[in-house]
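Structure first, commentary second.
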Amino acid sequence: MTARNNILDKLRTGLAGSTPRPDDFDESLVTQPWQYTPEDRIQRLRALMEAVHTEVHQLPARDWPGMVQTLLERRALGNLLYAPGTDYGEQLAAHWQASGAAPDLIAYDRPVEEWREELFWKVDASVTSTVGAIAATGSLVLWPDRQEPRLMSLLPPLHIALLKASDIEDNLYGMMQKQQWSAGMPTNLLMVSGPSKTADIEQVLAYGAHGPKELVVLILEDL
Amino acid sequence: MNQRIPVTELTGGFRDRADQALDDSQLRSNFRTAMDSLMKKRADAFPDEDEREGLREQGNHIKARALSKLPDLLEQLEARLTENGVKVHWAETTDEANRIVHSIIESRQGSQVVKGKSMVSEEMEMNDYLAERGVECLESDMGEYIVQLDHEKPSHIIMPAIHKNRRQVSKLFHDKLGVEETDDVDRLIRIGRETLRQKFMEADVGVSGVNFAIAETGTLLLVENEGNGRMSTTAPPVHVAVTGIEKVVENLRDVVPLLSLLTRSALGQAITTYVNMISGPRKADELDGPEEVHLVLLDNGRTGAFADAQMRQTLNCIRCGACMNHCPVYTRVGGHTYGEVYPGPIGKIVTPHMVGLHQVPDHPSASSLCGACGEVCPVKIPIPELLQRLRQENVKHPDEAPAVKDGGAKYSARERAIWWFWKTLNTRPVFYRLFLWGATRFGWMTPKNVGPWTRNHSAPVPARRSLHDLAREHLDNGGQS
């Protein structure tokens with residue numbers, strides 16, 4: 001622990017005789033420029049996400065499993081990773097059974113160690129929930145957990161995210177306050193603002209660097 | 001198409017490397033194109049000047065507040081992270097930090113490491129340290145990967161491979177990976193993706209940096225566009241984050257303005273594709289994520305900068321790179337000329353504290369003090385002012401207690417004597433008149449070679465008559481000349 005003590009001692013010596021600076025955080029600076037009417041909020045989110053190659057659809061909440069099926073069939077994909085223990089997972093499985101959709105459903109129901117190879121290379125697409133979205137920056141907020149593990153939104157080339165229209169907030173500050181993030185953070189909280197990309201070669205934008213090449217957002221309208 | 005010669009490998013000291021870089025038209029064109037575009041992107045991302053200035057002021061206050069209670073915040077961060085199940089380590093030197101990282105890898109009998117982008121790990125030269133001990137440490141950021149394949153160092157802190165163009169990358173991939181040459185950037189990226197995905201799957205340990213460490217919640221926040229950061233921190237069974245002690249902020253809400261400043265200043269993006277907030281290892285019932293998360297807090301000269309209230313501002317830095325994008329010197333000589341991990345204006349004020357002025361004696365003066373860096377800095381570090389301060393520390397006599405590591409690196413008794421002579425000459429009228437009398441009559445005796453000046457200019461010759469003399473004559477003639 002000598003390194004710890006030495007570092008802290010040096011810092012305390014440097015601060016000797018000074019007082020901590022007051023907290024003059026002004027929330028209006030990060031909220032006022034980023035406020036929207038309900039219609040503008042969705043429009044802005046769509047516009048920003050579409051500008052970075054995200055496909056966005058708005059549809060009645062009950063229609064989403066059919067939309068997922070269409071999206072997969074349009075791309076001729078062979079399988080879909082889903083979270084079987086969630087409400088969305090149950091709705092999806094029910095639809096798949098009723099419609100006899102062709103792509104295989106793969107349940108994320110065991111630790112990654114048991115099927116690493118398959119998860120990393122064989123999964124074509126995934127569908128996950130979101131806990132909301134931020135209009136100011138065009139960002140989805142994901143809160144992975146036991147049911148919806150972190151890798152679901154990272155490994156498959158196509159990630160489909162379900163977003164309730166009523167969960168869209170104006171700005172990050174508002175989102176943090178509303179969901180009381182500081183009261184208890186999950187092991188991993190994510191903001192996702194498009195498919196994975198890079199501009200590391202000549203600043204030329206290329207999608208699908210290490211994460212999903214495609215991101216599709218389904219905005220579910222409550223009826 | 002104008003075909004240019006390939007980018008040269010720079011050697012020698014700062015001045016030699018600068019000369020070589022300036023002669024390399026390919027290198028200059030690569031940098032110029034990139035910097036022009038990054039400057040435009042930043043300007044477009046801040047359309048409202050009032051909003052931008054308000055946010056910069058706020059960013060400065062947040063960092064200043066964090067630094068004003070840094071030791072307490074570090075302890076709070078450690079306590080929260082420990083509660084969350086993260087193991088916190090402290091290192092005074094890069095060597096100590098490397099030993100810690102290596103011992104974590106050893107405890108898991110690991111042999112393969114994947115690394116997300118981390119400038120602190122560059123400071124540590126972690127790749128070399130681990131390679132010497134039989135551990136393969138692979139860079140996973142596309143730019144870093146390219147640079148590592150070519151055994152180079154990053155030339156920009158955000159765009160590590162910006163000095164290379166696509167033909168150079170294509171040739172590199174062809175030589176090292178045995179793939180066909182291609183001019184298609186999408187194809188080049190796909191090659192990188194597939195090569196690295198295998199590595200993410202096999203890696204024993206993932207290493208990353210940290211953009212902000214939040215004391216309030218015990219959270220490590222990382223920003224990125226590629227997903228390699230998420231891969232490195234999620235896929236392997238162990239995640240080791242390495243960061244400087246200055247990255248801690250007090251509250252979660254403090255990151256809202258800082259995040260906006262960082263991504264807009266760096267890339268002109270409202271936000272990066274991923275903002276990854278890690279507050280702990282995998283819980284017992286979770287199905288993925290690392291079983292262990294470690295944080296290594298590194299000093300490496302930061303407490304030295306902290307000790308001086310003026311130079312402490314160096315630690316405001318959030319590593320956006322805007323100062324280098326806007327620097328007329330950096331744009332022309334490129335990142336490798338600086339010969340150190342952090343190039344450009346921020347490199348010039350941070351590196352002396354890490355490696356000492358003896359190693360980088362030319363850093364403080366490699367600037368025209370045009371002020372662009374200070375003007376764009378999102379946390380308002382007065383970089384030109386700090387450069388001037390370092391110039392003073394650089395020429396102090398060792399007995400004058402320089403406040404920077406190896407201060408006085410450029411101390412010269414001769415230079416001191418010349419300045420003393422100059423001061424005396426200009427503050428004593430008798431000496432001054434005597435000098436003027438001599439200079440106007442014996443000006444022809446001025447040497448033809450006066451140091452660096454005459455390398456590019458003709459030697460100065462004092463005028464035959466002084467301005468005083470001419471003015472006096474003018475007035476005697478009633479102002480009629």
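Following the order of the structure tokens, chains are lettered A, B, ..., residues in each are numbered from 1, and ligands are numbered from 1.
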Legend entry - Exercise: Ala459 (chain B) partners within 7 Å, only C-alpha atoms, chain neighbours under 5 positions left out, as a list in words: Lys448, Asn449, Val450 and Thr454 of chain B
Store the residues picked out above in a file with C-alpha atoms, as a PDB file, in the first residue's frame.
```
ATOM      1  CA  LYS B 448      28.273  36.830 -40.931  1.00  0.00           C
ATOM      2  CA  ASN B 449      27.227  33.776 -38.953  1.00  0.00           C
ATOM      3  CA  VAL B 450      24.933  34.415 -36.002  1.00  0.00           C
ATOM      4  CA  THR B 454      21.715  32.957 -40.508  1.00  0.00           C
TER       5      THR B 454
END
```
Please tabulate, as CSV, the residues of chain A that come within 6 Å of chain B, each with its closest pair of atoms and the distance in Å to one decimal, counting only C-alpha atoms and ordering rows by chain, then residue number upward.
```
residue,atom,partner,partner_atom,distance
A:Ala3,CA,B:Ala91,CA,5.6
A:Arg4,CA,B:Trp90,CA,5.3
A:Leu8,CA,B:Pro71,CA,5.5
A:Gly14,CA,B:Ala307,CA,4.4
A:Pro20,CA,B:Ser68,CA,4.9
A:Arg21,CA,B:Arg65,CA,4.9
A:Pro111,CA,B:Leu287,CA,4.2
A:Val112,CA,B:Asp288,CA,5.5
A:Thr137,CA,B:Ala270,CA,5.6
A:Arg146,CA,B:Glu286,CA,4.4
A:Thr187,CA,B:Gly280,CA,4.7
A:Asn188,CA,B:Ile278,CA,4.7
A:Leu189,CA,B:Met277,CA,5.1
A:Leu190,CA,B:Asn276,CA,4.9
A:Met191,CA,B:Val275,CA,5.0
A:Val192,CA,B:Tyr274,CA,4.9
A:Ser193,CA,B:Thr273,CA,4.5
A:Gly194,CA,B:Thr273,CA,5.6
A:Ser196,CA,B:Glu226,CA,4.9
A:Lys197,CA,B:Glu226,CA,4.9
A:Thr198,CA,B:Glu226,CA,5.5
A:Asp200,CA,B:Gly143,CA,5.1
A:Glu202,CA,B:Asn165,CA,5.6
A:Ala206,CA,B:Asp186,CA,5.7
A:Ala209,CA,B:Glu226,CA,5.2
A:His210,CA,B:Gly227,CA,5.1
A:Gly211,CA,B:Gly227,CA,5.0
```
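Picture a line from CA of Pro398 (chain B) to CA of Glu415 (chain B); it runs 15.1 Å.
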Inset, instruction - Just the residues within 12 Å of Pro65 (chain A), please, counting only C-alpha atoms, with nothing from its chain fewer than 3 positions along; format it as a PyMOL selection string. - result: chain A and resi 59-62+68-72+80+82+87-99+101+127-128+160-162+218+220
Inset, instruction - Work out how far apart CA of Val360 (chain B) and CA of Ile346 (chain B) are and give it in Å to one decimal. - result: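 CA of Ile346 (chain B) lies at a distance of 13.4 Å from CA of Val360 (chain B).
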Inset, instruction - Please return as a ChimeraX atom specification: the residues of region 60-165 of chain A that backbone DSSP assigns to alpha helix (DSSP H). - result: /A:64-74,87-99,116-121
Just-selected residues, C-alpha atoms written as a PDB file, in the first residue's frame:
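Just written: part04.pdb:
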```
ATOM      1  CA  TRP A  64     -43.150  -5.834 -33.425  1.00  0.00           C
ATOM      2  CA  PRO A  65     -42.589  -9.631 -33.585  1.00  0.00           C
ATOM      3  CA  GLY A  66     -43.977  -9.649 -37.129  1.00  0.00           C
ATOM      4  CA  MET A  67     -41.674  -6.757 -38.029  1.00  0.00           C
ATOM      5  CA  VAL A  68     -38.674  -8.647 -36.685  1.00  0.00           C
ATOM      6  CA  GLN A  69     -39.633 -11.617 -38.821  1.00  0.00           C
ATOM      7  CA  THR A  70     -39.891  -9.371 -41.892  1.00  0.00           C
ATOM      8  CA  LEU A  71     -36.504  -7.761 -41.166  1.00  0.00           C
ATOM      9  CA  LEU A  72     -34.825 -11.163 -40.934  1.00  0.00           C
ATOM     10  CA  GLU A  73     -36.539 -12.583 -43.986  1.00  0.00           C
ATOM     11  CA  ARG A  74     -35.704  -9.511 -46.034  1.00  0.00           C
ATOM     12  CA  ASP A  87     -41.910 -10.369 -21.745  1.00  0.00           C
ATOM     13  CA  TYR A  88     -40.539  -9.479 -25.147  1.00  0.00           C
ATOM     14  CA  GLY A  89     -38.965 -12.921 -25.359  1.00  0.00           C
ATOM     15  CA  GLU A  90     -42.277 -14.616 -24.666  1.00  0.00           C
ATOM     16  CA  GLN A  91     -44.093 -12.474 -27.232  1.00  0.00           C
ATOM     17  CA  LEU A  92     -41.448 -13.325 -29.801  1.00  0.00           C
ATOM     18  CA  ALA A  93     -41.563 -17.066 -29.119  1.00  0.00           C
ATOM     19  CA  ALA A  94     -45.373 -17.043 -29.298  1.00  0.00           C
ATOM     20  CA  HIS A  95     -45.318 -15.247 -32.637  1.00  0.00           C
ATOM     21  CA  TRP A  96     -42.661 -17.567 -34.015  1.00  0.00           C
ATOM     22  CA  GLN A  97     -44.725 -20.594 -33.069  1.00  0.00           C
ATOM     23  CA  ALA A  98     -47.936 -19.159 -34.484  1.00  0.00           C
ATOM     24  CA  SER A  99     -46.438 -17.926 -37.741  1.00  0.00           C
ATOM     25  CA  ARG A 116     -18.353 -19.065 -27.040  1.00  0.00           C
ATOM     26  CA  GLU A 117     -17.588 -20.267 -30.596  1.00  0.00           C
ATOM     27  CA  GLU A 118     -21.252 -20.266 -31.607  1.00  0.00           C
ATOM     28  CA  LEU A 119     -21.993 -16.866 -30.038  1.00  0.00           C
ATOM     29  CA  PHE A 120     -18.974 -15.202 -31.643  1.00  0.00           C
ATOM     30  CA  TRP A 121     -19.333 -16.580 -35.149  1.00  0.00           C
TER      31      TRP A 121
END
```
Legend entry - Distance query Glu181 (chain B) at most 7 Å, only C-alpha atoms, self and fewer than 6 positions along chain excluded, as JSON, numbers by chain: {"B": [170, 171, 174]}
Legend entry - Residue with smallest distance to Leu151 (chain A) - pool B:Thr331, B:Ser365, B:Gln26, B:Ser232, counting only C-alpha atoms: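 Ranked by minimum distance to Leu151 (chain A), first place goes to B:Ser232.
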